$ cat final_10.pdb   # PDB, C-alpha atoms
ATOM      1  CA  MET J   1     -20.937 -12.788  56.608
ATOM      2  CA  ASP J   2     -20.659 -10.712  59.806
ATOM      3  CA  LEU J   3     -23.492  -8.517  58.589
ATOM      4  CA  LEU J   4     -25.695 -11.568  58.026
ATOM      5  CA  LEU J   5     -24.980 -12.938  61.523
ATOM      6  CA  SER J   6     -25.698  -9.528  63.022
ATOM      7  CA  MET J   7     -29.064  -9.351  61.227
ATOM      8  CA  ILE J   8     -29.955 -12.855  62.426
ATOM      9  CA  GLN J   9     -29.083 -11.959  66.016
ATOM     10  CA  GLN J  10     -31.120  -8.752  65.896
ATOM     11  CA  ASN J  11     -34.164 -10.490  64.392
ATOM     12  CA  TRP J  12     -33.852 -13.821  66.181
ATOM     13  CA  ALA J  13     -37.134 -13.344  67.991
ATOM     14  CA  VAL J  14     -39.007 -13.003  64.709
ATOM     15  CA  ILE J  15     -37.100 -15.827  63.065
ATOM     16  CA  SER J  16     -37.712 -18.210  65.942
ATOM     17  CA  GLN J  17     -41.446 -17.628  65.725
ATOM     18  CA  ALA J  18     -41.650 -18.403  61.958
ATOM     19  CA  PRO J  19     -38.543 -20.362  60.994
ATOM     20  CA  PHE J  20     -40.085 -22.059  57.957
ATOM     21  CA  GLY J  21     -41.263 -18.770  56.446
ATOM     22  CA  VAL J  22     -37.836 -17.183  56.849
ATOM     23  CA  VAL J  23     -36.070 -20.190  55.363
ATOM     24  CA  SER J  24     -38.495 -20.182  52.441
ATOM     25  CA  LEU J  25     -37.874 -16.482  51.872
ATOM     26  CA  LEU J  26     -34.121 -17.026  51.912
ATOM     27  CA  LEU J  27     -34.460 -19.870  49.409
ATOM     28  CA  VAL J  28     -36.550 -17.687  47.111
ATOM     29  CA  ILE J  29     -33.970 -14.882  47.291
ATOM     30  CA  ALA J  30     -31.083 -17.294  46.688
ATOM     31  CA  THR J  31     -32.882 -18.903  43.754
ATOM     32  CA  ALA J  32     -33.647 -15.515  42.216
ATOM     33  CA  ALA J  33     -30.043 -14.378  42.639
ATOM     34  CA  PHE J  34     -28.722 -17.613  41.137
ATOM     35  CA  SER J  35     -31.100 -17.374  38.178
ATOM     36  CA  ALA J  36     -30.175 -13.733  37.533
ATOM     37  CA  GLY J  37     -26.476 -14.505  37.702
ATOM     38  CA  ARG J  38     -26.871 -17.474  35.384
ATOM     39  CA  PHE J  39     -28.867 -15.364  32.919
ATOM     40  CA  PHE J  40     -26.246 -12.614  32.722
ATOM     41  CA  LEU J  41     -23.453 -15.172  32.499
ATOM     42  CA  SER J  42     -25.151 -17.062  29.660
ATOM     43  CA  GLU J  43     -25.752 -13.775  27.810
ATOM     44  CA  LYS J  44     -22.082 -12.857  28.161
ATOM     45  CA  VAL J  45     -21.016 -16.287  26.928
ATOM     46  CA  ALA J  46     -23.382 -15.979  23.963
ATOM     47  CA  ASN J  47     -21.896 -12.590  23.057
ATOM     48  CA  LEU J  48     -18.370 -13.970  23.234
ATOM     49  CA  GLU J  49     -19.320 -16.954  21.087
ATOM     50  CA  SER J  50     -20.922 -14.621  18.551
ATOM     51  CA  ARG J  51     -17.770 -12.483  18.377
ATOM     52  CA  LEU J  52     -15.582 -15.555  17.972
ATOM     53  CA  ALA J  53     -17.811 -16.847  15.192
ATOM     54  CA  ALA J  54     -17.607 -13.485  13.393
ATOM     55  CA  LYS J  55     -13.829 -13.468  13.791
ATOM     56  CA  ASP J  56     -13.554 -17.004  12.418
ATOM     57  CA  GLU J  57     -15.733 -16.024   9.462
ATOM     58  CA  THR J  58     -13.535 -12.990   8.746
ATOM     59  CA  ILE J  59     -10.387 -15.109   8.872
ATOM     60  CA  ALA J  60     -11.984 -17.668   6.564
ATOM     61  CA  ASN J  61     -12.922 -14.916   4.098
ATOM     62  CA  TYR J  62      -9.374 -13.558   4.097
ATOM     63  CA  ARG J  63      -7.952 -17.028   3.552
ATOM     64  CA  GLU J  64     -10.350 -17.617   0.678
ATOM     65  CA  LYS J  65      -9.460 -14.308  -0.966
ATOM     66  CA  LEU J  66      -5.732 -14.836  -0.474
ATOM     67  CA  ALA J  67      -5.978 -18.435  -1.704
ATOM     68  CA  GLY J  68      -3.926 -19.625   1.225
ATOM     69  CA  ALA J  69      -1.141 -17.089   0.669
ATOM     70  CA  THR J  70       1.029 -15.901   3.549
ATOM     71  CA  PRO J  71       1.052 -12.158   4.430
ATOM     72  CA  ASP J  72       4.364 -11.733   2.557
ATOM     73  CA  GLU J  73       2.965 -13.484  -0.499
ATOM     74  CA  ALA J  74      -0.178 -11.336  -0.329
ATOM     75  CA  ARG J  75       1.975  -8.175  -0.138
ATOM     76  CA  SER J  76       3.941  -9.356  -3.159
ATOM     77  CA  LYS J  77       0.730  -9.922  -5.135
ATOM     78  CA  ILE J  78      -0.535  -6.458  -4.221
ATOM     79  CA  ASP J  79       2.766  -4.859  -5.276
ATOM     80  CA  GLU J  80       2.624  -6.727  -8.578
ATOM     81  CA  LEU J  81      -0.925  -5.534  -9.257
ATOM     82  CA  GLU J  82      -0.001  -1.944  -8.385
ATOM     83  CA  GLY J  83       2.914  -2.165 -10.804
ATOM     84  CA  ARG J  84       0.614  -3.361 -13.568
ATOM     85  CA  LEU J  85      -1.803  -0.500 -12.895
ATOM     86  CA  LEU J  86       1.019   2.041 -13.041
ATOM     87  CA  ALA J  87       2.115   0.601 -16.363
ATOM     88  CA  LEU J  88      -1.381   1.124 -17.790
ATOM     89  CA  GLU J  89      -1.685   4.724 -16.592
ATOM     90  CA  PRO J  90      -0.114   7.707 -18.369
ATOM     91  CA  ARG J  91       3.108   8.641 -16.606
ATOM     92  CA  LEU J  92       3.481  12.422 -16.646
ATOM     93  CA  LEU J  93       5.728  14.862 -14.810
ATOM     94  CA  SER J  94       4.208  17.502 -12.552
ATOM     95  CA  ALA J  95       4.813  21.218 -13.078
ATOM     96  CA  ASP J  96       7.293  21.249 -10.177
ATOM     97  CA  GLN J  97       9.184  18.278 -11.598
ATOM     98  CA  LEU J  98       9.362  19.884 -15.032
ATOM     99  CA  ALA J  99      10.644  23.156 -13.561
ATOM    100  CA  MET J 100      13.395  21.396 -11.606
ATOM    101  CA  PHE J 101      14.303  19.177 -14.569
ATOM    102  CA  SER J 102      14.651  22.233 -16.846
ATOM    103  CA  ALA J 103      16.702  24.116 -14.273
ATOM    104  CA  ILE J 104      19.250  21.299 -14.047
ATOM    105  CA  VAL J 105      19.567  20.367 -17.729
ATOM    106  CA  GLY J 106      19.636  24.076 -18.632
ATOM    107  CA  THR J 107      22.975  24.555 -16.876
ATOM    108  CA  LYS J 108      24.799  23.002 -19.855
ATOM    109  CA  PRO J 109      22.676  22.425 -22.986
ATOM    110  CA  GLY J 110      23.568  19.334 -24.966
ATOM    111  CA  SER J 111      22.050  16.926 -27.463
ATOM    112  CA  ALA J 112      19.641  14.067 -26.926
ATOM    113  CA  GLN J 113      17.349  11.786 -28.836
ATOM    114  CA  VAL J 114      14.026  10.973 -27.134
ATOM    115  CA  VAL J 115      12.865   7.572 -28.366
ATOM    116  CA  VAL J 116       9.409   6.118 -27.683
ATOM    117  CA  ASP J 117       8.780   2.391 -27.707
ATOM    118  CA  LEU J 118       5.941   1.890 -30.206
ATOM    119  CA  ALA J 119       4.513  -0.780 -27.911
ATOM    120  CA  SER J 120       4.016   1.949 -25.295
ATOM    121  CA  ALA J 121       1.502   4.307 -26.798
ATOM    122  CA  ASN J 122       0.653   5.789 -23.404
ATOM    123  CA  ARG J 123       4.224   7.131 -23.060
ATOM    124  CA  GLN J 124       3.918   9.612 -25.938
ATOM    125  CA  GLN J 125       2.904  12.446 -23.600
ATOM    126  CA  LEU J 126       5.907  11.928 -21.335
ATOM    127  CA  ALA J 127       8.221  11.956 -24.370
ATOM    128  CA  ARG J 128       6.683  15.251 -25.511
ATOM    129  CA  GLN J 129       7.166  16.729 -22.038
ATOM    130  CA  LEU J 130      10.868  15.850 -22.075
ATOM    131  CA  GLU J 131      11.282  17.125 -25.632
ATOM    132  CA  ARG J 132       9.743  20.517 -24.807
ATOM    133  CA  SER J 133      11.673  20.865 -21.555
ATOM    134  CA  LEU J 134      15.006  20.155 -23.227
ATOM    135  CA  LYS J 135      14.340  22.389 -26.245
ATOM    136  CA  ASP J 136      13.199  25.276 -24.040
ATOM    137  CA  VAL J 137      16.615  25.395 -22.355
ATOM    138  CA  GLY J 138      18.619  25.143 -25.565
ATOM    139  CA  TRP J 139      19.133  21.416 -26.125
ATOM    140  CA  ASN J 140      19.314  19.923 -29.588
ATOM    141  CA  VAL J 141      16.551  17.308 -29.462
ATOM    142  CA  GLU J 142      15.430  14.666 -31.910
ATOM    143  CA  ILE J 143      12.301  12.514 -31.557
ATOM    144  CA  GLY J 144      12.463   8.891 -32.609
ATOM    145  CA  SER J 145      10.593   5.629 -32.212
ATOM    146  CA  ALA J 146      11.560   2.014 -31.714
ATOM    147  CA  ALA J 147       9.632  -1.133 -32.499
ATOM    148  CA  GLY J 148      10.140  -4.413 -30.736
ATOM    149  CA  VAL J 149      12.468  -3.372 -27.903
ATOM    150  CA  SER J 150      13.825  -6.744 -26.830
ATOM    151  CA  ASN J 151      14.739  -5.806 -23.278
ATOM    152  CA  PRO J 152      12.762  -2.740 -22.156
ATOM    153  CA  PRO J 153      13.969  -1.081 -18.954
ATOM    154  CA  LYS J 154      12.132  -2.192 -15.822
ATOM    155  CA  THR J 155      11.839   1.429 -14.699
ATOM    156  CA  GLY J 156      10.270   2.451 -18.021
ATOM    157  CA  ILE J 157      13.120   4.877 -18.811
ATOM    158  CA  SER J 158      16.701   4.254 -19.912
ATOM    159  CA  ILE J 159      19.573   6.618 -20.734
ATOM    160  CA  THR J 160      22.134   5.452 -23.286
ATOM    161  CA  PRO J 161      25.231   7.642 -23.723
ATOM    162  CA  GLY J 162      26.362   8.249 -27.288
ATOM    163  CA  SER J 163      29.503   6.765 -28.734
ATOM    164  CA  GLY J 164      32.791   8.299 -27.642
ATOM    165  CA  GLU J 165      34.221   9.203 -24.265
ATOM    166  CA  ASP J 166      32.054  12.259 -23.537
ATOM    167  CA  THR J 167      29.192  11.200 -21.258
ATOM    168  CA  ALA J 168      28.440  14.676 -19.909
ATOM    169  CA  ASP J 169      24.968  14.856 -21.482
ATOM    170  CA  ALA J 170      23.969  11.446 -20.092
ATOM    171  CA  ASN J 171      25.321  12.330 -16.650
ATOM    172  CA  LEU J 172      23.418  15.632 -16.604
ATOM    173  CA  LEU J 173      20.181  13.908 -17.618
ATOM    174  CA  ALA J 174      20.713  11.282 -14.919
ATOM    175  CA  ARG J 175      21.251  14.015 -12.318
ATOM    176  CA  ALA J 176      18.041  15.725 -13.407
ATOM    177  CA  PHE J 177      16.013  12.508 -13.166
ATOM    178  CA  ASP J 178      17.495  11.839  -9.721
ATOM    179  CA  ALA J 179      16.490  15.313  -8.557
ATOM    180  CA  ILE J 180      12.846  14.906  -9.577
ATOM    181  CA  GLY J 181      12.577  11.351  -8.212
ATOM    182  CA  VAL J 182      12.160   9.509 -11.510
ATOM    183  CA  ALA J 183      13.715   6.043 -11.748
ATOM    184  CA  TYR J 184      15.794   5.165 -14.782
ATOM    185  CA  GLU J 185      18.530   2.835 -15.998
ATOM    186  CA  ILE J 186      21.925   3.783 -17.428
ATOM    187  CA  LEU J 187      22.980   1.557 -20.319
ATOM    188  CA  THR J 188      26.345   1.090 -21.976
ATOM    189  CA  PRO J 189      27.301   3.693 -24.626
ATOM    190  CA  SER J 190      25.837   3.139 -28.068
ATOM    191  CA  ALA J 191      28.088   2.508 -31.028
ATOM    192  CA  TYR J 192      25.470   3.719 -33.522
ATOM    193  CA  THR J 193      24.956   7.381 -32.592
ATOM    194  CA  ASN J 194      26.832  10.279 -31.029
ATOM    195  CA  MET J 195      23.690  11.541 -29.321
ATOM    196  CA  THR J 196      22.600  10.474 -25.870
ATOM    197  CA  GLN J 197      19.364   8.504 -26.125
ATOM    198  CA  ILE J 198      16.429   8.571 -23.711
ATOM    199  CA  LEU J 199      14.171   5.559 -24.243
ATOM    200  CA  ILE J 200      10.603   5.801 -22.946
ATOM    201  CA  SER J 201       8.961   2.399 -22.544
ATOM    202  CA  ASP J 202       6.563   0.454 -20.354
ATOM    203  CA  LEU J 203       7.462  -1.305 -17.159
ATOM    204  CA  GLN J 204       8.826  -4.768 -17.856
ATOM    205  CA  LEU J 205       6.261  -7.054 -16.132
TER     206      LEU J 205
END
$ encode --input "final_10.pdb" --output "structure tokens"
Amino acid sequence: MDLLLSMIQQNWAVISQAPFGVVSLLLVIATAAFSAGRFFLSEKVANLESRLAAKDETIANYREKLAGATPDEARSKIDELEGRLLALEPRLLSADQLAMFSAIVGTKPGSAQVVVDLASANRQQLARQLERSLKDVGWNVEIGSAAGVSNPPKTGISITPGSGEDTADANLLARAFDAIGVAYEILTPSAYTNMTQILISDLQL
């Protein structure tokens, strides 16, 4: 403001001689500045509206895909689908897991029966891996099969100690599975066999 007053004072002689021309020039400058400001403001508003519209569309798409589910419900659905995919894929032990498993069960060879649920054809390879690993370190191993397992383990693997009080074989197998990060379930001792049983099945979905 002070600068404007100073310019008017310095050029008062010129302004006083052509006041209408100066006023007209000022109006033109003000109009141009107002128009430019309005143009940039409207462009900014348009960009913001466009971004909001895109955001609303994205949210609508997510809601449509989730069928109105909350984030927790969506996470639960994803976990369920991942579980189903794992159940369909062959579940095999890596070379490192097999080496560690053999090292642990080899400390005290025992006896075990590896049983495959006939409804779980894709578990045959895992059963063969366990059979070879146990036999290689001196275990007495039998291979069996079961049809129509009424309550398959949710983890896909269960360990059933044999009849009697000696659960050393089952405990050693459990320790080996713990060491290699494989989930399993321990069941109550069986009254039908003296051998510890390892059941290989599908995930219970």
$ closest_residue --input "final_10.pdb" --among "J:Leu187, J:Leu134, J:Leu118, J:Ala179" --to "Ser102 (chain J)" --atoms "all atoms listed in the file"
J:Leu134
$ residues_around --input "final_10.pdb" --residues "Met195 (chain J)" --least-positions-apart "2" --cutoff "10 Å" --atoms "only C-alpha atoms" --output "list in words"
Gly110, Ser111, Ala112, Gln113, Val114, Asn140, Val141, Glu142, Thr160, Pro161, Gly162, Ser163, Gly164, Thr167, Asp169, Ala170, Pro189, Ser190, Tyr192, Thr193, Gln197 and Ile198 of chain J
$ atom_distance --input "final_10.pdb" --atom1 "CA of Lys135 (chain J)" --atom2 "CA of Asn151 (chain J)"
28.4 Å
$ closest_residue --input "final_10.pdb" --among "J:Arg132, J:Arg175, J:Lys154, J:Lys108" --to "Ile200 (chain J)" --atoms "only C-alpha atoms"
J:Lys154
$ atom_distance --input "final_10.pdb" --atom1 "CA of Asn171 (chain J)" --atom2 "CA of Leu92 (chain J)"
21.8 Å
$ atom_distance --input "final_10.pdb" --atom1 "CA of Phe101 (chain J)" --atom2 "CA of Ala127 (chain J)"
13.6 Å
$ closest_residue --input "final_10.pdb" --among "J:Val137, J:Ile159, J:Ala174, J:Asp202" --to "Ile186 (chain J)" --atoms "all atoms listed in the file"
J:Ile159
$ resolve_selection --input "final_10.pdb" --expression "the PyMOL selection byres ((chain J and resi 180-183) around 9)" --output "PyMOL selection string"
chain J and resi 93+96-98+100-101+155-158+175-179+184-185
$ closest_residue --input "final_10.pdb" --among "J:Gln129, J:Gly144, J:Asp136, J:Thr31" --to "Val116 (chain J)" --atoms "all atoms listed in the file"
J:Gly144
$ closest_residue --input "final_10.pdb" --among "J:Ile143, J:Leu173, J:Ile104, J:Val149" --to "Ser201 (chain J)" --atoms "all atoms listed in the file"
J:Val149
$ resolve_selection --input "final_10.pdb" --expression "the PyMOL selection byres ((chain J and resi 147) around 10)" --output "list of chain:residue names"
J:Val116, J:Asp117, J:Leu118, J:Ala119, J:Ser120, J:Ser145, J:Ala146, J:Gly148, J:Val149, J:Ser150
$ axis_aligned_box --input "final_10.pdb" --around "region 195-204 of chain J" --padding-each-side "3 Å" --output "lines of an AutoDock Vina configuration file"
center_x = 15.1
center_y = 3.4
center_z = -23.2
size_x = 23.1
size_y = 22.3
size_z = 18.2
